[in-house]
file my_file06.txt (compact mmCIF, C-alpha atoms)
# COMPACT_ATOMS: atom_id res chain seq x y z
CA MET A 4 -13.94 28.02 62.98
CA SER A 5 -13.74 28.49 59.24
CA LYS A 6 -15.53 25.88 57.19
CA TYR A 7 -12.56 25.89 54.79
CA PRO A 8 -9.60 23.60 55.46
CA ARG A 9 -6.27 25.15 56.30
CA ILE A 10 -2.96 24.51 54.56
CA ALA A 11 0.64 25.24 55.45
CA ALA A 12 2.60 27.88 53.52
CA PHE A 13 6.25 28.94 53.74
CA ASN A 14 6.99 32.45 55.07
CA PRO A 15 10.37 33.58 53.66
CA ASP A 16 10.67 36.49 56.13
CA SER A 17 10.50 34.40 59.29
CA ASN A 18 11.94 31.24 57.76
CA THR A 19 9.01 29.39 59.31
CA LEU A 20 5.74 27.81 58.21
CA ASP A 21 2.47 29.65 58.88
CA THR A 22 -1.12 28.86 57.78
CA GLN A 23 -3.75 30.63 55.77
CA ASP A 24 -7.26 30.02 54.63
CA ILE A 25 -7.77 28.44 51.22
CA ARG A 26 -10.41 31.16 50.80
CA THR A 27 -7.64 33.76 51.04
CA MET A 28 -5.42 31.88 48.58
CA LEU A 29 -8.20 31.53 46.03
CA ALA A 30 -8.98 35.21 46.31
CA SER A 31 -5.34 36.02 45.62
CA TYR A 32 -5.60 34.67 42.09
CA SER A 33 -6.12 37.62 39.81
CA LEU A 34 -8.84 37.80 37.24
CA THR A 35 -6.13 37.95 34.58
CA THR A 36 -4.65 34.65 35.77
CA ARG A 37 -8.02 32.92 35.70
CA ARG A 38 -8.67 34.21 32.20
CA SER A 39 -5.26 32.93 31.09
CA PHE A 40 -6.09 29.45 32.33
CA ALA A 41 -9.44 29.56 30.55
CA LEU A 42 -7.83 30.60 27.26
CA LEU A 43 -5.21 27.88 27.60
CA SER A 44 -7.91 25.27 28.12
CA LEU A 45 -9.74 26.45 25.01
CA ALA A 46 -6.52 26.25 23.00
CA PHE A 47 -5.97 22.63 24.00
CA ALA A 48 -9.57 21.78 23.12
CA ALA A 49 -9.27 23.41 19.70
CA ALA A 50 -6.10 21.47 18.93
CA GLY A 51 -8.10 18.26 18.77
CA PRO A 52 -6.97 14.73 19.64
CA THR A 53 -3.25 14.13 20.02
CA ILE A 54 -1.15 10.98 19.92
CA ALA A 55 0.00 9.97 23.38
CA ALA A 56 3.73 9.27 23.64
CA PRO A 57 5.18 6.82 23.07
CA TYR A 58 3.58 5.53 19.87
CA PRO A 59 2.35 2.87 19.51
CA ASP A 60 0.99 1.79 22.86
CA ARG A 61 -1.06 -1.12 21.49
CA ALA A 62 -1.38 -3.35 18.42
CA VAL A 63 -1.63 -1.73 14.98
CA THR A 64 -3.87 -3.03 12.17
CA TRP A 65 -2.95 -3.27 8.50
CA VAL A 66 -6.01 -3.84 6.32
CA VAL A 67 -5.15 -6.05 3.34
CA PRO A 68 -8.03 -5.67 0.86
CA PHE A 69 -7.65 -9.19 -0.53
CA ALA A 70 -8.28 -12.71 0.71
CA ALA A 71 -5.81 -14.47 2.99
CA GLY A 72 -3.26 -16.67 1.26
CA GLY A 73 -2.89 -14.56 -1.89
CA PRO A 74 0.23 -12.70 -3.07
CA ALA A 75 -0.78 -9.39 -1.44
CA ASP A 76 -1.45 -11.13 1.86
CA ALA A 77 1.88 -12.99 1.75
CA LEU A 78 3.82 -9.81 1.02
CA ALA A 79 2.03 -7.91 3.80
CA ARG A 80 2.68 -10.61 6.39
CA ASN A 81 6.36 -10.96 5.49
CA ILE A 82 6.96 -7.24 5.94
CA ALA A 83 4.57 -6.67 8.85
CA GLU A 84 6.35 -9.30 10.92
CA LYS A 85 9.63 -7.40 10.77
CA VAL A 86 8.08 -3.93 11.07
CA ALA A 87 6.29 -5.06 14.24
CA GLU A 88 9.63 -6.05 15.75
CA LYS A 89 10.95 -2.54 15.14
CA LEU A 90 7.79 -0.88 16.48
CA GLY A 91 7.72 -3.05 19.57
CA ARG A 92 4.00 -3.80 19.10
CA PRO A 93 2.10 -6.44 17.10
CA ILE A 94 0.73 -5.70 13.63
CA ILE A 95 -2.59 -7.41 12.95
CA ILE A 96 -3.40 -8.29 9.33
CA ASP A 97 -7.11 -7.75 8.65
CA ASN A 98 -8.16 -9.31 5.32
CA VAL A 99 -11.11 -7.36 3.89
CA GLY A 100 -11.60 -8.59 0.33
CA GLY A 101 -14.18 -7.83 -2.33
CA ALA A 102 -14.80 -5.51 -5.28
CA GLY A 103 -11.18 -5.45 -6.40
CA GLY A 104 -9.96 -4.26 -3.01
CA THR A 105 -12.22 -1.22 -2.86
CA ILE A 106 -14.22 -2.49 0.14
CA GLY A 107 -11.10 -2.68 2.29
CA ALA A 108 -9.88 0.70 1.05
CA ALA A 109 -13.21 2.30 1.91
CA LYS A 110 -13.03 0.83 5.42
CA VAL A 111 -9.66 2.47 6.07
CA ALA A 112 -10.78 5.78 4.57
CA ARG A 113 -13.48 5.91 7.29
CA ALA A 114 -11.24 4.66 10.11
CA PRO A 115 -10.14 6.83 13.05
CA LYS A 116 -7.13 9.01 12.31
CA ASP A 117 -5.27 7.82 15.37
CA GLY A 118 -2.44 5.87 13.75
CA TYR A 119 -3.75 2.41 14.52
CA THR A 120 -5.33 1.52 11.15
CA PHE A 121 -3.50 1.46 7.83
CA LEU A 122 -4.24 0.22 4.30
CA LEU A 123 -2.00 -1.97 2.20
CA GLY A 124 -2.88 -0.11 -0.98
CA HIS A 125 -2.47 -1.66 -4.41
CA VAL A 126 -2.30 -0.32 -7.97
CA GLY A 127 -5.84 -1.64 -8.48
CA GLN A 128 -7.80 0.22 -5.81
CA MET A 129 -5.46 3.21 -5.53
CA ALA A 130 -4.81 4.00 -9.23
CA ALA A 131 -7.14 2.05 -11.52
CA ALA A 132 -10.35 1.96 -9.47
CA PRO A 133 -11.39 5.60 -10.06
CA SER A 134 -11.58 4.80 -13.78
CA LEU A 135 -13.00 1.28 -13.41
CA TYR A 136 -15.96 2.02 -11.12
CA LYS A 137 -18.73 4.51 -11.77
CA LYS A 138 -19.06 5.19 -8.04
CA LEU A 139 -16.14 4.84 -5.66
CA PRO A 140 -16.71 5.37 -1.91
CA TYR A 141 -13.32 7.07 -1.44
CA ASP A 142 -10.83 9.29 -3.24
CA PRO A 143 -7.33 7.75 -3.34
CA MET A 144 -5.62 11.15 -3.43
CA LYS A 145 -7.78 13.02 -0.91
CA ASP A 146 -8.77 10.39 1.66
CA PHE A 147 -5.35 8.88 2.38
CA GLU A 148 -1.87 9.87 3.51
CA PRO A 149 0.98 7.88 1.87
CA VAL A 150 3.37 6.28 4.37
CA PHE A 151 5.74 4.14 2.31
CA ARG A 152 6.00 2.09 -0.87
CA LEU A 153 6.69 -1.62 -0.72
CA PRO A 154 8.98 -3.52 -3.13
CA ASP A 155 7.43 -4.25 -6.54
CA THR A 156 5.99 -7.39 -8.07
CA PRO A 157 6.64 -7.49 -11.82
CA LEU A 158 4.54 -9.68 -14.09
CA LEU A 159 5.53 -12.42 -16.51
CA LEU A 160 3.90 -13.17 -19.85
CA LEU A 161 3.30 -16.91 -19.70
CA VAL A 162 2.50 -19.47 -22.38
CA GLY A 163 2.02 -23.24 -22.19
CA VAL A 164 5.11 -25.39 -22.56
CA ASN A 165 3.74 -26.71 -25.87
CA SER A 166 2.88 -23.24 -27.19
CA PRO A 167 4.20 -22.40 -30.67
CA TYR A 168 5.22 -18.97 -29.34
CA LYS A 169 8.75 -19.16 -28.00
CA THR A 170 9.26 -15.41 -27.79
CA ALA A 171 7.19 -12.27 -27.34
CA GLN A 172 8.13 -11.20 -30.86
CA GLN A 173 6.56 -14.35 -32.28
CA LEU A 174 3.36 -13.83 -30.32
CA VAL A 175 3.10 -10.18 -31.40
CA ALA A 176 3.71 -11.14 -35.03
CA ALA A 177 0.94 -13.75 -34.89
CA ALA A 178 -1.46 -11.25 -33.34
CA LYS A 179 -0.72 -8.71 -36.05
CA ALA A 180 -1.19 -11.29 -38.79
CA LYS A 181 -4.62 -12.34 -37.49
CA PRO A 182 -6.12 -9.61 -35.28
CA GLY A 183 -8.34 -10.89 -32.47
CA THR A 184 -7.33 -14.53 -32.78
CA ILE A 185 -4.79 -14.49 -29.92
CA ASN A 186 -6.43 -14.62 -26.48
CA PHE A 187 -5.04 -13.49 -23.14
CA GLY A 188 -6.43 -14.96 -19.94
CA ASN A 189 -6.58 -12.83 -16.81
CA ALA A 190 -7.55 -13.04 -13.14
CA GLY A 191 -10.73 -10.98 -13.58
CA ILE A 192 -12.09 -7.79 -15.07
CA GLY A 193 -9.95 -4.90 -13.90
CA SER A 194 -7.31 -7.14 -12.34
CA THR A 195 -3.64 -6.27 -12.75
CA SER A 196 -3.21 -9.10 -15.26
CA HIS A 197 -6.14 -7.68 -17.27
CA LEU A 198 -4.84 -4.11 -17.20
CA VAL A 199 -1.25 -5.02 -18.06
CA GLY A 200 -2.49 -7.22 -20.90
CA ALA A 201 -4.50 -4.30 -22.27
CA LEU A 202 -1.51 -1.94 -21.94
CA PHE A 203 0.77 -4.44 -23.70
CA ALA A 204 -1.68 -4.86 -26.58
CA GLN A 205 -2.10 -1.10 -26.99
CA ARG A 206 1.63 -0.39 -26.94
CA ALA A 207 2.40 -3.31 -29.27
CA GLY A 208 -0.33 -2.26 -31.69
CA ILE A 209 -2.16 -5.59 -31.61
CA GLU A 210 -5.73 -6.71 -31.02
CA VAL A 211 -6.17 -9.59 -28.58
CA THR A 212 -9.23 -11.22 -27.04
CA SER A 213 -9.37 -10.94 -23.24
CA VAL A 214 -10.75 -13.91 -21.31
CA SER A 215 -11.54 -13.03 -17.70
CA TYR A 216 -11.65 -15.67 -14.98
CA LYS A 217 -12.57 -15.59 -11.32
CA GLY A 218 -9.01 -15.54 -10.09
CA ALA A 219 -5.56 -16.31 -11.47
CA ALA A 220 -5.66 -20.03 -10.65
CA PRO A 221 -8.35 -21.06 -13.19
CA ALA A 222 -6.74 -18.84 -15.81
CA MET A 223 -3.42 -20.60 -15.21
CA VAL A 224 -5.07 -23.98 -15.67
CA ASP A 225 -6.21 -22.99 -19.16
CA VAL A 226 -2.79 -21.59 -20.07
CA VAL A 227 -1.21 -24.89 -19.04
CA SER A 228 -3.72 -26.87 -21.11
CA GLY A 229 -3.48 -24.56 -24.10
CA GLN A 230 -7.10 -23.38 -23.92
CA VAL A 231 -5.83 -19.79 -23.88
CA ASP A 232 -2.68 -18.59 -25.60
CA ALA A 233 -1.10 -16.54 -22.83
CA MET A 234 -1.59 -14.58 -19.63
CA PHE A 235 0.28 -12.06 -17.52
CA ASP A 236 0.78 -13.24 -13.95
CA GLN A 237 2.62 -11.82 -10.97
CA SER A 238 6.18 -13.03 -10.58
CA ASN A 239 5.71 -14.34 -7.04
CA THR A 240 2.82 -16.61 -8.03
CA ALA A 241 4.18 -17.53 -11.47
CA LEU A 242 7.54 -18.55 -10.04
CA THR A 243 6.52 -22.03 -8.91
CA GLN A 244 4.62 -22.69 -12.16
CA VAL A 245 7.63 -21.77 -14.30
CA LEU A 246 10.17 -23.62 -12.16
CA GLY A 247 7.83 -26.62 -12.11
CA GLY A 248 7.87 -26.77 -15.90
CA ARG A 249 4.13 -26.24 -16.33
CA VAL A 250 4.38 -22.91 -18.22
CA ARG A 251 7.08 -20.91 -19.96
CA ALA A 252 7.86 -17.23 -19.35
CA ILE A 253 8.63 -15.36 -22.58
CA VAL A 254 8.93 -11.81 -21.29
CA GLN A 255 8.82 -9.87 -17.98
CA THR A 256 7.29 -6.45 -17.36
CA GLY A 257 9.67 -4.81 -14.89
CA ALA A 258 12.35 -2.31 -15.80
CA ARG A 259 15.02 -4.83 -14.75
CA ARG A 260 15.25 -8.61 -15.01
CA LEU A 261 14.52 -10.67 -11.93
CA PRO A 262 17.43 -12.92 -10.89
CA GLN A 263 15.26 -16.05 -11.16
CA PHE A 264 14.50 -15.14 -14.77
CA ALA A 265 17.86 -13.81 -15.88
CA ASP A 266 17.40 -15.37 -19.32
CA VAL A 267 13.93 -13.87 -19.85
CA PRO A 268 14.04 -10.43 -21.48
CA THR A 269 12.00 -7.46 -20.30
CA VAL A 270 9.26 -6.13 -22.55
CA ALA A 271 11.41 -3.04 -23.13
CA GLU A 272 14.28 -5.20 -24.32
CA ALA A 273 12.21 -7.52 -26.49
CA THR A 274 9.36 -5.62 -28.13
CA ILE A 275 8.33 -2.22 -26.71
CA PRO A 276 11.10 0.25 -25.76
CA GLY A 277 10.42 2.07 -22.50
CA PHE A 278 7.70 -0.35 -21.38
CA SER A 279 7.40 -0.97 -17.63
CA ALA A 280 4.38 -2.08 -15.61
CA VAL A 281 4.34 -3.74 -12.21
CA THR A 282 1.99 -4.62 -9.41
CA TRP A 283 2.95 -2.05 -6.82
CA TYR A 284 1.87 -1.72 -3.21
CA GLY A 285 2.01 1.06 -0.65
CA LEU A 286 1.02 1.58 2.96
CA TYR A 287 -1.52 4.39 3.41
CA ALA A 288 -3.07 6.00 6.50
CA PRO A 289 -6.45 7.76 6.71
CA GLU A 290 -6.14 11.42 5.74
CA GLY A 291 -5.38 13.51 8.82
CA THR A 292 -3.28 10.88 10.59
CA PRO A 293 -0.54 12.76 12.49
CA ALA A 294 2.77 13.16 10.67
CA SER A 295 4.65 11.89 13.73
CA VAL A 296 2.79 8.58 13.52
CA ARG A 297 3.49 8.20 9.80
CA ALA A 298 7.14 9.00 10.40
CA ALA A 299 7.38 6.36 13.13
CA MET A 300 5.87 3.72 10.86
CA TYR A 301 8.18 4.68 7.99
CA SER A 302 11.23 4.56 10.26
CA ALA A 303 10.33 1.07 11.49
CA TYR A 304 9.76 -0.08 7.90
CA ARG A 305 13.13 1.17 6.66
CA LYS A 306 14.91 -0.50 9.58
CA ALA A 307 13.09 -3.75 8.77
CA LEU A 308 13.90 -3.51 5.07
CA ASP A 309 17.58 -3.02 5.85
CA GLU A 310 17.75 -6.51 7.35
CA PRO A 311 19.50 -8.90 4.95
CA ALA A 312 17.26 -11.81 5.96
CA LEU A 313 14.07 -10.00 4.90
CA ARG A 314 15.60 -8.74 1.67
CA SER A 315 16.79 -12.22 0.76
CA ARG A 316 13.39 -13.71 1.51
CA LEU A 317 11.60 -11.19 -0.70
CA VAL A 318 14.00 -11.64 -3.61
CA ALA A 319 13.65 -15.42 -3.36
CA GLN A 320 9.89 -15.02 -3.72
CA GLY A 321 10.18 -13.04 -6.97
CA ILE A 322 9.78 -9.59 -5.38
CA GLN A 323 11.86 -6.76 -6.84
CA LEU A 324 13.61 -4.38 -4.43
CA LEU A 325 13.70 -0.66 -5.29
CA PRO A 326 16.22 2.17 -5.02
CA ASP A 327 16.04 3.70 -1.54
CA GLU A 328 14.46 6.97 -2.64
CA GLU A 329 11.46 5.17 -4.16
CA TYR A 330 10.23 3.86 -0.80
CA SER A 331 9.39 7.31 0.63
CA ALA A 332 5.94 8.78 1.24
CA ASP A 333 6.57 11.52 -1.32
CA ALA A 334 7.55 8.96 -3.94
CA LEU A 335 4.39 6.96 -3.21
CA ARG A 336 2.24 10.09 -3.49
CA LYS A 337 3.71 10.88 -6.92
CA LEU A 338 3.39 7.26 -8.03
CA THR A 339 -0.29 7.17 -7.05
CA ALA A 340 -1.03 10.31 -9.07
CA ASP A 341 1.02 9.27 -12.11
CA GLU A 342 -0.42 5.76 -12.21
CA SER A 343 -3.98 7.06 -11.88
CA SER A 344 -3.43 9.11 -15.01
CA ARG A 345 -1.80 6.26 -16.91
CA TRP A 346 -4.44 3.64 -16.15
CA LYS A 347 -7.25 6.06 -16.88
CA GLY A 348 -6.04 6.23 -20.47
CA VAL A 349 -5.56 2.46 -20.78
CA ILE A 350 -8.97 1.66 -19.28
CA GLY A 351 -10.73 4.23 -21.44
CA GLN A 352 -9.15 2.98 -24.66
CA ALA A 353 -9.87 -0.67 -23.82
CA ARG A 354 -13.42 0.19 -22.59
CA ILE A 355 -12.95 -1.80 -19.39
CA VAL A 356 -15.76 -1.48 -16.85
CA ALA A 357 -15.65 -3.32 -13.52
CA GLU A 358 -18.74 -5.24 -12.49

call {"tool": "encode", "arguments": {"input": "my_file06.txt", "output": "structure tokens"}}
result
Amino acid sequence: MSKYPRIAAFNPDSNTLDTQDIRTMLASYSLTTRRSFALLSLAFAAAGPTIAAPYPDRAVTWVVPFAAGGPADALARNIAEKVAEKLGRPIIIDNVGGAGGTIGAAKVARAPKDGYTFLLGHVGQMAAAPSLYKKLPYDPMKDFEPVFRLPDTPLLLLVGVNSPYKTAQQLVAAAKAKPGTINFGNAGIGSTSHLVGALFAQRAGIEVTSVSYKGAAPAMVDVVSGQVDAMFDQSNTALTQVLGGRVRAIVQTGARRLPQFADVPTVAEATIPGFSAVTWYGLYAPEGTPASVRAAMYSAYRKALDEPALRSRLVAQGIQLLPDEEYSADALRKLTADESSRWKGVIGQARIVAE
């Protein structure tokens, strides 16, 4: 008896089943067929890892490179909650703060390219950082794939309620009359409030003294008390301070007025034509993340952003919605490049160096 097992095979001539040795069947495979299978296997191996359908099949992580409870964290959580509903899987917010957000960005740059780790990028670490830091452990343009842009957060120029400066024109005039005597507080060296203050001073042709704090909160305290003359602060954090009567907003930095500050002019309207500067955010994936994954995340985001409840919530928090075309990955890629160039010039002229 043959040591090989026997299997049944259909005989079309007799319309019956007969049997044959597996040895005979194996021998019937031609050399060409075996070579074809070998080449096909090599082709699959060369193609590298693929994303199993459907995506995602488990929780996705968004790295927020700032501490929990801050404006970036709040924005990320508001949007992630709705995006997760559209994806059908949870989105975990991983707060990785430090060094102006560059530690979290570096973590994502080194993450697997499997579509399960993303970065909530920010103007600071994605546009300004290459000019602020002598050594940066990632390249914003080469190490990441843009996925989508989030709505913007304009800034407000704030003064104390007892400040003699009722308008931006008055403040600029005082700074021109006595260069260096007006001081601007900010949330820290290289922070958005620091950079926008430097840009404003350069475009207005004034010399101000920058006072850097460890965070926006202590800077705000000194604006309220009159220890510093003014500061730029993000609209979503300044909102409660202005509505509470502790500070006064004299100008806003976006291209359009926020509804909560309809009586506050933009910088472009009040003092510097064409001026616009915001805190912008974008979702980025590690370079090499499959396009199908990025497309799925973008699709879920746009569906979430179309919900009236989310839009209303964001607007109520002082967030500025954008025209539809500005949310795309291509728009975010262009924004990242353009902003890197702009802030390089501002940082160089102001001689700002991050610690």

call {"tool": "residues_around", "arguments": {"input": "my_file06.txt", "residues": "stretch 93-102 of chain A", "least_positions_apart": "5", "cutoff": "9 Å", "atoms": "all atoms listed in the file", "output": "short mmCIF file (atom, residue, chain, number, x, y, z; two decimals) with C-alpha atoms, keeping the file's coordinate frame"}}
result
data_model
loop_
_atom_site.label_atom_id
_atom_site.label_comp_id
_atom_site.auth_asym_id
_atom_site.auth_seq_id
_atom_site.Cartn_x
_atom_site.Cartn_y
_atom_site.Cartn_z
CA ARG A 61 -1.06 -1.12 21.49
CA ALA A 62 -1.38 -3.35 18.42
CA VAL A 63 -1.63 -1.73 14.98
CA THR A 64 -3.87 -3.03 12.17
CA TRP A 65 -2.95 -3.27 8.50
CA VAL A 66 -6.01 -3.84 6.32
CA VAL A 67 -5.15 -6.05 3.34
CA PRO A 68 -8.03 -5.67 0.86
CA PHE A 69 -7.65 -9.19 -0.53
CA ALA A 70 -8.28 -12.71 0.71
CA ALA A 71 -5.81 -14.47 2.99
CA ASP A 76 -1.45 -11.13 1.86
CA ALA A 79 2.03 -7.91 3.80
CA ARG A 80 2.68 -10.61 6.39
CA ALA A 83 4.57 -6.67 8.85
CA GLU A 84 6.35 -9.30 10.92
CA VAL A 86 8.08 -3.93 11.07
CA ALA A 87 6.29 -5.06 14.24
CA GLU A 88 9.63 -6.05 15.75
CA GLY A 107 -11.10 -2.68 2.29
CA ALA A 108 -9.88 0.70 1.05
CA LYS A 110 -13.03 0.83 5.42
CA ALA A 357 -15.65 -3.32 -13.52
CA GLU A 358 -18.74 -5.24 -12.49
#

call {"tool": "closest_residue", "arguments": {"input": "my_file06.txt", "among": "A:Arg206, A:Arg249, A:Arg354, A:Arg260", "to": "A:Met223", "atoms": "only C-alpha atoms"}}
result
A:Arg249

call {"tool": "residues_around", "arguments": {"input": "my_file06.txt", "residues": "stretch 263-271 of chain A", "least_positions_apart": "6", "cutoff": "7 Å", "atoms": "all atoms listed in the file", "output": "JSON, numbers by chain"}}
result
{"A": [252, 253, 254, 255, 256, 257, 277, 278]}

call {"tool": "closest_residue", "arguments": {"input": "my_file06.txt", "among": "A:Ser196, A:Ser315, A:Ser166, A:Thr212", "to": "A:Ala178", "atoms": "only C-alpha atoms"}}
result
A:Thr212

call {"tool": "closest_atom_pairs", "arguments": {"input": "my_file06.txt", "of": "stretch 93-160 of chain A", "to": "stretch 279-283 of chain A", "cutoff": "8 Å", "atoms": "only C-alpha atoms", "output": "Markdown table"}}
result
| residue | atom | partner | partner_atom | distance |
| --- | --- | --- | --- | --- |
| A:His125 | CA | A:Trp283 | CA | 5.9 |
| A:Val126 | CA | A:Trp283 | CA | 5.6 |
| A:Arg152 | CA | A:Trp283 | CA | 7.9 |
| A:Leu153 | CA | A:Trp283 | CA | 7.2 |
| A:Pro154 | CA | A:Trp283 | CA | 7.2 |
| A:Asp155 | CA | A:Trp283 | CA | 5.0 |
| A:Thr156 | CA | A:Thr282 | CA | 5.0 |
| A:Pro157 | CA | A:Val281 | CA | 4.4 |
| A:Leu158 | CA | A:Val281 | CA | 6.2 |

call {"tool": "atom_distance", "arguments": {"input": "my_file06.txt", "atom1": "atom CA of A:Ala112", "atom2": "atom CA of A:Phe147"}}
result
6.6 Å

call {"tool": "closest_residue", "arguments": {"input": "my_file06.txt", "among": "A:Ala207, A:Ala222, A:Val162, A:Gly91", "to": "A:Val245", "atoms": "all atoms listed in the file"}}
result
A:Val162

call {"tool": "closest_residue", "arguments": {"input": "my_file06.txt", "among": "A:Thr120, A:Ser343, A:Ser302, A:Gln128", "to": "A:Thr105", "atoms": "only C-alpha atoms"}}
result
A:Gln128

call {"tool": "axis_aligned_box", "arguments": {"input": "my_file06.txt", "around": "stretch 65-77 of chain A", "padding_each_side": "3 Å", "output": "JSON"}}
result
{"center_x": -3.2, "center_y": -10.0, "center_z": 2.7, "size_x": 16.2, "size_y": 19.4, "size_z": 17.6}

call {"tool": "atom_distance", "arguments": {"input": "my_file06.txt", "atom1": "atom CA of A:Ala307", "atom2": "atom CA of A:Asn239"}}
result
20.4 Å

call {"tool": "atom_distance", "arguments": {"input": "my_file06.txt", "atom1": "atom CA of A:Val356", "atom2": "atom CA of A:Gly193"}}
result
7.4 Å

call {"tool": "closest_residue", "arguments": {"input": "my_file06.txt", "among": "A:Val227, A:Ala233, A:Ala298, A:Leu338", "to": "A:Ile185", "atoms": "only C-alpha atoms"}}
result
A:Ala233

call {"tool": "decode", "arguments": {"input": "my_file06.txt", "residues": "stretch 218-224 of chain A", "atoms": "all heavy atoms", "output": "compact mmCIF listing (two decimals), in the first residue's frame"}}
result
# COMPACT_ATOMS: atom_id res chain seq x y z
N GLY A 218 3.52 79.85 30.60
CA GLY A 218 2.11 79.60 30.35
C GLY A 218 1.31 80.88 30.21
O GLY A 218 1.74 81.96 30.65
N ALA A 219 0.12 80.76 29.62
CA ALA A 219 -0.72 81.94 29.39
C ALA A 219 -1.37 82.44 30.67
O ALA A 219 -1.62 83.65 30.81
CB ALA A 219 -1.80 81.59 28.36
N ALA A 220 -1.65 81.55 31.62
CA ALA A 220 -2.37 81.95 32.83
C ALA A 220 -1.62 83.01 33.64
O ALA A 220 -2.21 84.04 34.00
CB ALA A 220 -2.67 80.73 33.69
N PRO A 221 -0.33 82.82 33.97
CA PRO A 221 0.36 83.88 34.72
C PRO A 221 0.51 85.18 33.93
O PRO A 221 0.50 86.27 34.51
CB PRO A 221 1.72 83.25 35.04
CG PRO A 221 1.89 82.14 34.07
CD PRO A 221 0.52 81.65 33.78
N ALA A 222 0.63 85.07 32.62
CA ALA A 222 0.70 86.28 31.79
C ALA A 222 -0.62 87.04 31.88
O ALA A 222 -0.64 88.28 31.99
CB ALA A 222 1.01 85.92 30.35
N MET A 223 -1.73 86.31 31.85
CA MET A 223 -3.05 86.93 31.95
C MET A 223 -3.22 87.66 33.28
O MET A 223 -3.80 88.75 33.33
CB MET A 223 -4.14 85.87 31.78
CG MET A 223 -5.55 86.41 31.81
SD MET A 223 -5.95 87.42 30.37
CE MET A 223 -6.09 86.15 29.12
N VAL A 224 -2.72 87.05 34.34
CA VAL A 224 -2.81 87.69 35.66
C VAL A 224 -2.17 89.07 35.64
O VAL A 224 -2.72 90.05 36.19
CB VAL A 224 -2.15 86.79 36.74
CG1 VAL A 224 -2.01 87.55 38.06
CG2 VAL A 224 -2.96 85.52 36.95
